[in-house]
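The next block holds one structure in the form of structure tokens; read it before the comments.
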Amino acid sequence: MAADTPVEYIQHHLQNLTYGKLPAGYERVDPYTNDVTVMQEAGWTFARTSAEATDMGFMAFHVDTLGWSIFMGILFLTIFRLVARKATSGVPGGMQNVVEMTVEFVQTIVRDGFHGRNPVIAPLALTMFVWIFLMNSLKLIPVDFIPQIAHALGLGYFKIVPTTDPNGTFGISIGVFILIIFYSIKVKGLGGFGKELSFTPFNHWALIPFNLVLEIIGLLTKPLSLALRLFGNMYAGEVVFILIAILPFWVQWTLNVPWAIFHILVITLQAFIFTTLAVVYLSQAHEDH
Amino acid sequence: MNINLTLIGQAIAFAIFVWFCVKFVWPPITAAMEARQKKIADGLSAADRASLDLELAQEKASKELQKAKQEAAVLIDQANKRAAQIVEASKDDARKEGDKLIEQARAEIQQERVQARDALRKEVAVLAIAGAEKILETSVDAKAHSEMLDKLAAEL
């Protein structure tokens, strides 16, 4: 494991397990022996160094991000589906209580933030909230725990928190962005949406280009801010956890424990903020002026 | 930190999760919650209704009781009146009966007196004839003097 110095250790912890395509003629450097091998033809493989992962470009997957996020999503849906199937209108049991509390919490968010009529928004918000919460909460697992297991299984890199990967957060925010565009066009019509972009904030034909630039930037800012806020918070927290992990083991708990307790708040808060803002953005998409 | 296909994979996963949640998770949970809400609301309103019913029933019961008491008082009054009437009537009857008995007794006495007088008259007639016979020493032809004797008897 290439983690001899603190810097290497940190860099190693911030590298995803990448499976991607390397072009033909690519020179691969073995991280342990420094032997150079040349790819005979283009092919899909796991990146052995950060440089390889970068060189794979867009044609690559972060296996850890996808794996853990899908795992968390399935965990969420399994638990909620099991409760939903046995949901009773009588006295609810323990798990149903938890689920109903979450559902009511999300219903409150949607009631406060969303002013249109759309049956999809509330379950969408529930999915976002619980899924992001579960992905964030993976952060409370000590930073070396699962990567060490993965290393023992022969995987050089392993980053378990999908929301510390910009791909993870942008994936969700792009989904929200597509819905914003979709509902804007559906509610206002293509012309109405175009008009909204062209004539706000300055209602004058001469200022249409200016308005367009302003509004389109505003529109693009929505998914960007959603994704970057979540990613930034989670990434920064992760870096601090990694820094604490560099300290001697007998002193780690003095910093680790308070930071983890603080992160119980951050995890919930970030999931809440992401959900609330997405709901508000979707509400704006439904508003017809 | 590289942007790559993970992005699209994540977006697809998100879409599938949302679809599943919209289709299979959200409806049954909210349906159960709404059903429970309705149950609780119904229960509360039923309780309200029941306490109102109880109040009404108590009011009705006390009214009934009042009415029953009044009726009982009327009945007792009537019974008392009736009893007084009956007593009065029987007193009347008894008096009438007594009067009748006295009348009857009087009539009987009268009758017996008449009979006794008749008998006595006849006896007297016989005695008178016998006395007269003794006096005259001759028998009196009863048939010849019967008219005279009857006159005599009538005078007695």
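Residue names in the structure tokens use chain letters A, B, ... in the order shown, residue numbers from 1 in each chain, and ligand numbers from 1 in the order shown.
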Practice item. Residues of chain B no more than 8 Å from chain A, counting only C-alpha atoms: send them over as a PyMOL selection string. Key: chain B and resi 1-11+13-15+17-18+20-22+24-26+28-30+32-36
Review point. Hey, what's within 10 Å of stretch 189-204 of chain A if we count only C-alpha atoms and toss same-chain stuff fewer than 5 positions away? As a list of chain:residue names, please?
Key: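 Using only C-alpha atoms, the neighbours found are A:Ile181, A:Phe182, A:Tyr183, A:Ser184, A:Pro209, A:Phe210, A:Asn211, A:Leu212, A:Val213, A:Leu214, A:Glu215, A:Ile216, A:Gly218, A:Leu219, A:Ala285, A:Asp288, A:His289.
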Exercise for review: Select, from A:Met39, A:Asn97, A:Pro23, A:Trp68, the residue with the minimum atom-to-atom distance to A:Ser137, counting only C-alpha atoms.
Suggested key: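 Closest to A:Ser137, using only C-alpha atoms: A:Trp68.
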